[in-house]
Amino acid sequence: MHVHKIVVLGDGGVGKSYDPTIEDSYRKQMVIDETPCILEVLDTAGQEEYSALRDQWIRDGDGFLLVYSVTSKSSFERIQSFIIQIARVKGAKSTAIVLAGNKSDLPNEREVTFYEGETISRLMGCSFVETSAKRRVNVEEAFSEVARMVRKVQNIPTKQESKAISIINSIAPESKNTMCRCTIL
């Protein structure tokens with residue numbers, strides 16, 4: 001079973017975790033697209049004083065869930081700095097990133113529109129989802145999407161793809177020495 005290390009990044013107070021954290025990790029076994037996997041989730045501190053730790057967290061991560069609050073324009077604007085830091089630490093490698101606009105359950109306090117989140121995610125080349133951690137809306141879907149992207153980046157086939165490959169391999173003729181002999185008259 002594959003283990004995917006997912007790093008959750010975002011400013012402090014965006015709703016990444018209920019209690020203030022410096023670093024907290026947990027493991028969760030999931031079945032995504034009929035394929036079991038283990039997500040090792042690292043919930044990080046968003047405060048600037050912990051930015052020195054961020055490079056190590058990024059270096060160790062397979063995929064990233066970048067979280068901003070839809071009630072905070074400044075947390076949304078800081079997402080770009082996380083993207084730049086991931087690119088700097090990871091280099092030119094393709095990276096699995098999902099952008100999550102949290103606190104969607106507070107429509108009257110909204111400062112960032114769905115369209116703005118969707119637009120920046122397209123520009124960054126990543127997936128986008130709005131979540132409500134408080135109401136548990138789209139949270140599991142966000143983690144599932146990061147895991148899917150990690151599998152894609154790492155070329156890990158899903159259970160369905162593995163079945164298809166097995167079927168193709170079983171019906172494909174073996175190509176041992178299939179040299180044909182011709183007689184020219």
# chains A, B, ... in the order shown; residues from 1 in each chain; ligands from 1
$ select_by_dssp --residues "segment 117-156 of chain A" --states "helix (DSSP H, G or I)" --output "list in words"
Gly117, Glu118, Thr119, Ile120, Ser121, Arg122, Leu123, Met124, Val139, Glu140, Glu141, Ala142, Phe143, Ser144, Glu145, Val146, Ala147, Arg148, Met149, Val150, Arg151, Lys152 and Val153 of chain A
$ select_by_dssp --residues "segment 40-120 of chain A" --states "strand (DSSP E)" --output "list in words"
Glu40, Val41, Leu42, Asp43, Thr44, Gly63, Phe64, Leu65, Leu66, Val67, Tyr68, Ser69, Ala96, Ile97, Val98, Leu99, Ala100, Gly101 and Asn102 of chain A
$ atom_distance --atom1 "atom CA of Arg54 of chain A" --atom2 "atom CA of Gln85 of chain A"
8.6 Å
$ closest_residue --among "A:Ile120, A:Ile58, A:Leu65, A:Leu106" --to "Gln80 of chain A" --atoms "only C-alpha atoms"
A:Ile120
$ closest_residue --among "A:Val70, A:Cys126, A:Val3, A:Cys37" --to "Glu111 of chain A" --atoms "only C-alpha atoms"
A:Val70
$ closest_residue --among "A:Ile156, A:Val41, A:Val112, A:Met30" --to "Glu130 of chain A" --atoms "only C-alpha atoms"
A:Val112
$ closest_residue --among "A:His4, A:Gly12, A:Tyr26, A:Ser132" --to "Ser75 of chain A" --atoms "only C-alpha atoms"
A:Gly12
$ closest_residue --among "A:Ile32, A:Ile97, A:Val129, A:Val14" --to "Pro157 of chain A" --atoms "only C-alpha atoms"
A:Ile32
$ residues_around --residues "Lys73 of chain A" --least-positions-apart "3" --cutoff "10 Å" --atoms "only C-alpha atoms" --output "PyMOL selection string"
chain A and resi 68-70+76-78+110-113
$ write_last_selection --atoms "N, CA and C atoms" --output "JSON list (two decimals), in the first residue's frame"
[["chain", "number", "residue", "atom", "x", "y", "z"],
["A", 68, "TYR", "N", -6.46, 28.71, 2.12],
["A", 68, "TYR", "CA", -6.69, 30.11, 2.47],
["A", 68, "TYR", "C", -8.12, 30.21, 2.98],
["A", 69, "SER", "N", -8.43, 31.29, 3.63],
["A", 69, "SER", "CA", -9.80, 31.52, 4.10],
["A", 69, "SER", "C", -10.52, 32.42, 3.11],
["A", 70, "VAL", "N", -11.73, 32.02, 2.73],
["A", 70, "VAL", "CA", -12.51, 32.87, 1.82],
["A", 70, "VAL", "C", -12.93, 34.16, 2.52],
["A", 76, "PHE", "N", -5.48, 34.71, 1.01],
["A", 76, "PHE", "CA", -5.55, 34.33, -0.41],
["A", 76, "PHE", "C", -4.33, 34.86, -1.17],
["A", 77, "GLU", "N", -3.97, 36.10, -0.89],
["A", 77, "GLU", "CA", -2.82, 36.70, -1.58],
["A", 77, "GLU", "C", -1.50, 36.04, -1.19],
["A", 78, "ARG", "N", -1.42, 35.45, 0.00],
["A", 78, "ARG", "CA", -0.20, 34.78, 0.45],
["A", 78, "ARG", "C", 0.00, 33.42, -0.22],
["A", 110, "ARG", "N", -17.47, 36.71, 3.37],
["A", 110, "ARG", "CA", -16.62, 36.37, 2.22],
["A", 110, "ARG", "C", -15.91, 37.59, 1.66],
["A", 111, "GLU", "N", -14.58, 37.44, 1.45],
["A", 111, "GLU", "CA", -13.77, 38.48, 0.80],
["A", 111, "GLU", "C", -13.16, 37.97, -0.50],
["A", 112, "VAL", "N", -13.20, 36.64, -0.71],
["A", 112, "VAL", "CA", -12.63, 36.03, -1.91],
["A", 112, "VAL", "C", -13.73, 35.23, -2.59],
["A", 113, "THR", "N", -13.99, 35.53, -3.86],
["A", 113, "THR", "CA", -15.05, 34.82, -4.57],
["A", 113, "THR", "C", -14.58, 33.45, -5.04]]
$ atom_distance --atom1 "atom CA of Lys16 of chain A" --atom2 "atom CA of Val67 of chain A"
6.9 Å
$ closest_residue --among "A:Ile6, A:Ala52, A:Ile83, A:Asp11" --to "Leu39 of chain A" --atoms "only C-alpha atoms"
A:Ile6
$ residues_around --residues "Gly61 of chain A" --least-positions-apart "5" --cutoff "12 Å" --atoms "only C-alpha atoms" --output "list in words"
Val3, His4, Lys5, Ile6, Val7, Val8, Leu9, Leu39, Glu40, Val41, Leu42, Asp43, Thr44, Arg54, Asp55, Gln56, Ile86, Val89, Lys90, Thr95, Ala96, Ile97, Val146, Ala147 and Val150 of chain A
$ write_last_selection --atoms "C-alpha atoms" --output "PDB file, in the first residue's frame"
ATOM      1  CA  VAL A   3       1.992   6.097   1.587  1.00  0.00           C
ATOM      2  CA  HIS A   4       1.486   9.669   0.372  1.00  0.00           C
ATOM      3  CA  LYS A   5       2.961  12.495   2.458  1.00  0.00           C
ATOM      4  CA  ILE A   6       0.576  15.447   2.264  1.00  0.00           C
ATOM      5  CA  VAL A   7       1.642  18.838   3.642  1.00  0.00           C
ATOM      6  CA  VAL A   8      -1.061  21.355   4.565  1.00  0.00           C
ATOM      7  CA  LEU A   9       0.153  24.952   4.155  1.00  0.00           C
ATOM      8  CA  LEU A  39      -2.194   9.581   3.735  1.00  0.00           C
ATOM      9  CA  GLU A  40       0.433  10.873   6.115  1.00  0.00           C
ATOM     10  CA  VAL A  41      -0.789  14.412   6.722  1.00  0.00           C
ATOM     11  CA  LEU A  42       1.451  17.118   8.144  1.00  0.00           C
ATOM     12  CA  ASP A  43      -0.551  20.063   9.443  1.00  0.00           C
ATOM     13  CA  THR A  44       1.846  23.009   9.645  1.00  0.00           C
ATOM     14  CA  ARG A  54       8.637  25.199   5.963  1.00  0.00           C
ATOM     15  CA  ASP A  55      11.488  24.226   3.597  1.00  0.00           C
ATOM     16  CA  GLN A  56      11.923  20.917   5.428  1.00  0.00           C
ATOM     17  CA  ILE A  86       7.350  24.933  -3.161  1.00  0.00           C
ATOM     18  CA  VAL A  89      12.446  23.721  -2.783  1.00  0.00           C
ATOM     19  CA  LYS A  90      11.112  21.062  -5.172  1.00  0.00           C
ATOM     20  CA  THR A  95       4.224  18.703  -7.945  1.00  0.00           C
ATOM     21  CA  ALA A  96       0.770  17.695  -6.728  1.00  0.00           C
ATOM     22  CA  ILE A  97      -1.000  20.786  -5.382  1.00  0.00           C
ATOM     23  CA  VAL A 146      -4.214  15.610  -3.572  1.00  0.00           C
ATOM     24  CA  ALA A 147      -3.690  11.832  -3.359  1.00  0.00           C
ATOM     25  CA  VAL A 150       0.379  12.467  -6.194  1.00  0.00           C
TER      26      VAL A 150
END
$ decode --residues "segment 90-135 of chain A" --atoms "N, CA and C atoms" --output "mmCIF file, in the first residue's frame"
data_model
loop_
_atom_site.group_PDB
_atom_site.id
_atom_site.type_symbol
_atom_site.label_atom_id
_atom_site.label_comp_id
_atom_site.auth_asym_id
_atom_site.auth_seq_id
_atom_site.Cartn_x
_atom_site.Cartn_y
_atom_site.Cartn_z
ATOM 1 N N LYS A 90 11.303 22.275 -4.375
ATOM 2 C CA LYS A 90 11.112 21.062 -5.172
ATOM 3 C C LYS A 90 11.817 21.128 -6.522
ATOM 4 N N GLY A 91 12.172 22.318 -6.979
ATOM 5 C CA GLY A 91 12.818 22.452 -8.277
ATOM 6 C C GLY A 91 11.808 22.331 -9.397
ATOM 7 N N ALA A 92 12.270 21.834 -10.529
ATOM 8 C CA ALA A 92 11.437 21.776 -11.731
ATOM 9 C C ALA A 92 10.495 20.579 -11.746
ATOM 10 N N LYS A 93 10.558 19.737 -10.711
ATOM 11 C CA LYS A 93 9.703 18.557 -10.678
ATOM 12 C C LYS A 93 8.230 18.947 -10.674
ATOM 13 N N SER A 94 7.429 18.123 -11.331
ATOM 14 C CA SER A 94 5.985 18.304 -11.286
ATOM 15 C C SER A 94 5.521 18.006 -9.857
ATOM 16 N N THR A 95 4.638 18.829 -9.339
ATOM 17 C CA THR A 95 4.224 18.703 -7.945
ATOM 18 C C THR A 95 2.705 18.677 -7.842
ATOM 19 N N ALA A 96 2.204 17.817 -6.958
ATOM 20 C CA ALA A 96 0.770 17.695 -6.728
ATOM 21 C C ALA A 96 0.317 18.766 -5.744
ATOM 22 N N ILE A 97 -0.520 19.689 -6.227
ATOM 23 C CA ILE A 97 -1.000 20.786 -5.382
ATOM 24 C C ILE A 97 -2.510 20.950 -5.570
ATOM 25 N N VAL A 98 -3.217 21.085 -4.454
ATOM 26 C CA VAL A 98 -4.638 21.424 -4.478
ATOM 27 C C VAL A 98 -4.812 22.700 -3.664
ATOM 28 N N LEU A 99 -5.545 23.639 -4.228
ATOM 29 C CA LEU A 99 -5.859 24.898 -3.564
ATOM 30 C C LEU A 99 -7.234 24.763 -2.920
ATOM 31 N N ALA A 100 -7.325 25.072 -1.623
ATOM 32 C CA ALA A 100 -8.597 24.953 -0.908
ATOM 33 C C ALA A 100 -8.976 26.288 -0.280
ATOM 34 N N GLY A 101 -10.145 26.793 -0.666
ATOM 35 C CA GLY A 101 -10.706 27.989 -0.042
ATOM 36 C C GLY A 101 -11.595 27.553 1.108
ATOM 37 N N ASN A 102 -11.126 27.716 2.329
ATOM 38 C CA ASN A 102 -11.851 27.240 3.504
ATOM 39 C C ASN A 102 -12.813 28.311 4.036
ATOM 40 N N LYS A 103 -13.675 27.882 4.930
ATOM 41 C CA LYS A 103 -14.693 28.719 5.584
ATOM 42 C C LYS A 103 -15.797 29.145 4.615
ATOM 43 N N SER A 104 -16.127 28.240 3.693
ATOM 44 C CA SER A 104 -17.202 28.536 2.739
ATOM 45 C C SER A 104 -18.559 28.612 3.428
ATOM 46 N N ASP A 105 -18.616 28.222 4.699
ATOM 47 C CA ASP A 105 -19.862 28.290 5.465
ATOM 48 C C ASP A 105 -20.141 29.693 6.007
ATOM 49 N N LEU A 106 -19.263 30.655 5.683
ATOM 50 C CA LEU A 106 -19.439 32.038 6.158
ATOM 51 C C LEU A 106 -19.645 32.994 4.977
ATOM 52 N N PRO A 107 -20.754 32.844 4.244
ATOM 53 C CA PRO A 107 -20.953 33.651 3.034
ATOM 54 C C PRO A 107 -21.037 35.155 3.293
ATOM 55 N N ASN A 108 -21.515 35.561 4.453
ATOM 56 C CA ASN A 108 -21.642 36.993 4.750
ATOM 57 C C ASN A 108 -20.308 37.656 5.065
ATOM 58 N N GLU A 109 -19.282 36.845 5.323
ATOM 59 C CA GLU A 109 -17.955 37.386 5.639
ATOM 60 C C GLU A 109 -16.976 37.207 4.479
ATOM 61 N N ARG A 110 -17.470 36.710 3.368
ATOM 62 C CA ARG A 110 -16.621 36.369 2.225
ATOM 63 C C ARG A 110 -15.914 37.595 1.658
ATOM 64 N N GLU A 111 -14.584 37.443 1.453
ATOM 65 C CA GLU A 111 -13.769 38.476 0.804
ATOM 66 C C GLU A 111 -13.160 37.971 -0.500
ATOM 67 N N VAL A 112 -13.204 36.642 -0.710
ATOM 68 C CA VAL A 112 -12.628 36.032 -1.910
ATOM 69 C C VAL A 112 -13.726 35.228 -2.592
ATOM 70 N N THR A 113 -13.992 35.527 -3.855
ATOM 71 C CA THR A 113 -15.053 34.823 -4.575
ATOM 72 C C THR A 113 -14.578 33.450 -5.039
ATOM 73 N N PHE A 114 -15.543 32.592 -5.325
ATOM 74 C CA PHE A 114 -15.239 31.274 -5.886
ATOM 75 C C PHE A 114 -14.456 31.449 -7.188
ATOM 76 N N TYR A 115 -14.891 32.394 -8.001
ATOM 77 C CA TYR A 115 -14.245 32.662 -9.287
ATOM 78 C C TYR A 115 -12.766 33.020 -9.114
ATOM 79 N N GLU A 116 -12.443 33.835 -8.106
ATOM 80 C CA GLU A 116 -11.039 34.212 -7.867
ATOM 81 C C GLU A 116 -10.199 32.983 -7.519
ATOM 82 N N GLY A 117 -10.730 32.118 -6.669
ATOM 83 C CA GLY A 117 -10.010 30.895 -6.305
ATOM 84 C C GLY A 117 -9.809 29.986 -7.493
ATOM 85 N N GLU A 118 -10.871 29.805 -8.261
ATOM 86 C CA GLU A 118 -10.806 28.958 -9.451
ATOM 87 C C GLU A 118 -9.818 29.520 -10.474
ATOM 88 N N THR A 119 -9.818 30.828 -10.650
ATOM 89 C CA THR A 119 -8.929 31.470 -11.627
ATOM 90 C C THR A 119 -7.468 31.290 -11.253
ATOM 91 N N ILE A 120 -7.122 31.544 -9.996
ATOM 92 C CA ILE A 120 -5.715 31.408 -9.604
ATOM 93 C C ILE A 120 -5.274 29.945 -9.659
ATOM 94 N N SER A 121 -6.181 29.020 -9.361
ATOM 95 C CA SER A 121 -5.802 27.600 -9.435
ATOM 96 C C SER A 121 -5.507 27.204 -10.880
ATOM 97 N N ARG A 122 -6.288 27.726 -11.818
ATOM 98 C CA ARG A 122 -6.014 27.448 -13.232
ATOM 99 C C ARG A 122 -4.663 28.010 -13.641
ATOM 100 N N LEU A 123 -4.359 29.230 -13.200
ATOM 101 C CA LEU A 123 -3.069 29.852 -13.520
ATOM 102 C C LEU A 123 -1.909 29.067 -12.916
ATOM 103 N N MET A 124 -2.118 28.492 -11.735
ATOM 104 C CA MET A 124 -1.076 27.713 -11.066
ATOM 105 C C MET A 124 -1.015 26.282 -11.588
ATOM 106 N N GLY A 125 -2.027 25.862 -12.339
ATOM 107 C CA GLY A 125 -2.059 24.497 -12.858
ATOM 108 C C GLY A 125 -2.387 23.463 -11.796
ATOM 109 N N CYS A 126 -3.263 23.828 -10.864
ATOM 110 C CA CYS A 126 -3.626 22.878 -9.814
ATOM 111 C C CYS A 126 -5.146 22.794 -9.687
ATOM 112 N N SER A 127 -5.597 21.844 -8.896
ATOM 113 C CA SER A 127 -7.028 21.682 -8.653
ATOM 114 C C SER A 127 -7.500 22.689 -7.612
ATOM 115 N N PHE A 128 -8.822 22.903 -7.580
ATOM 116 C CA PHE A 128 -9.399 23.867 -6.645
ATOM 117 C C PHE A 128 -10.673 23.305 -6.038
ATOM 118 N N VAL A 129 -10.852 23.566 -4.752
ATOM 119 C CA VAL A 129 -12.072 23.173 -4.062
ATOM 120 C C VAL A 129 -12.334 24.182 -2.945
ATOM 121 N N GLU A 130 -13.609 24.465 -2.707
ATOM 122 C CA GLU A 130 -13.968 25.259 -1.534
ATOM 123 C C GLU A 130 -14.436 24.291 -0.460
ATOM 124 N N THR A 131 -14.018 24.558 0.777
ATOM 125 C CA THR A 131 -14.303 23.654 1.882
ATOM 126 C C THR A 131 -14.886 24.407 3.073
ATOM 127 N N SER A 132 -15.476 23.639 3.963
ATOM 128 C CA SER A 132 -15.850 24.136 5.287
ATOM 129 C C SER A 132 -15.380 23.080 6.274
ATOM 130 N N ALA A 133 -14.253 23.342 6.918
ATOM 131 C CA ALA A 133 -13.739 22.392 7.904
ATOM 132 C C ALA A 133 -14.718 22.271 9.070
ATOM 133 N N LYS A 134 -15.356 23.370 9.418
ATOM 134 C CA LYS A 134 -16.314 23.381 10.522
ATOM 135 C C LYS A 134 -17.476 22.430 10.251
ATOM 136 N N ARG A 135 -17.978 22.442 9.028
ATOM 137 C CA ARG A 135 -19.121 21.593 8.663
ATOM 138 C C ARG A 135 -18.702 20.319 7.932
#
